[in-house]
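Input: a single structure, listed below in structure tokens.
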Amino acid sequence: MTAIRAAKRKNTAKDLAKKLGIHERTVRRYIALRRNDYESEAESRRKTAYNLHFKDGLKWREVAEKMNTTEHAVKALAKRYKQIDQKIGRAHV
């Protein structure tokens, strides 16, 4: 069983389990995103970081601000986009 309404949460599963008096794994099962939803979201974030920097010409700092994360994180996202997603795209052609 996965989340009825997928959303990022601020509380950890551990904290929520302690508060509710249930096992941490039970909380994770109830609130988890489906794997394909998670992978789709991750691919979208990687592509966004790559496109904002390399296609739109924004500086890494600007990309980080736009995506509400750190400069290091957007560099890593763009690097993974080149390593993972572009290779997959070429393989399907």
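Chain identifiers are assigned as A, B, and so on, following the order in which chains appear in the structure tokens; residues are numbered from 1 within each chain, and ligands are numbered from 1 in order of appearance.
Within 12 Å of Lys59 of chain A, once only C-alpha atoms are used and residues closer than 5 positions along the same chain are dropped, the contacting residues are Ala49, Tyr50, Asn51, Leu52, His53, Phe54, Ala64, Glu65, Lys66, Glu71, Val74 and Lys75 of chain A.
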Restrict the selected residues to C-alpha atoms and save them as a PDB file, in the first residue's frame.
```
ATOM      1  CA  ALA A  49      18.789  21.349 -13.509  1.00  0.00           C
ATOM      2  CA  TYR A  50      20.569  20.395 -16.736  1.00  0.00           C
ATOM      3  CA  ASN A  51      18.326  22.501 -18.972  1.00  0.00           C
ATOM      4  CA  LEU A  52      18.376  25.589 -16.771  1.00  0.00           C
ATOM      5  CA  HIS A  53      22.178  25.644 -16.781  1.00  0.00           C
ATOM      6  CA  PHE A  54      23.210  24.330 -20.186  1.00  0.00           C
ATOM      7  CA  ALA A  64      19.977  26.385  -7.211  1.00  0.00           C
ATOM      8  CA  GLU A  65      17.830  29.338  -6.159  1.00  0.00           C
ATOM      9  CA  LYS A  66      15.203  28.523  -8.781  1.00  0.00           C
ATOM     10  CA  GLU A  71      24.525  24.785  -5.775  1.00  0.00           C
ATOM     11  CA  VAL A  74      22.088  21.063  -8.848  1.00  0.00           C
ATOM     12  CA  LYS A  75      25.565  20.310 -10.186  1.00  0.00           C
TER      13      LYS A  75
END
```
Subject >> Every residue of chain A that DSSP places in alpha helix (DSSP H), as an MDAnalysis selection string >> reply: chainID A and resid 13:20 24:31 35:50 60:67 71:80 86:91
Subject >> For Arg46 of chain A: contacts at 12 Å, only C-alpha atoms, fewer than 4 positions along chain excluded, given as an MDAnalysis selection string >> reply: chainID A and resid 39:42 50:53 63 67 73:86
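Rounded to one decimal, atom CA of Ile31 of chain A and atom CA of Ala13 of chain A lie 8.6 Å from each other.
If you look at atom CA of Thr69 of chain A and atom CA of Lys18 of chain A, they are 29.1 Å away from each other.
Between atom CA of Glu43 of chain A and atom CA of Lys55 of chain A the separation is 16.8 Å.
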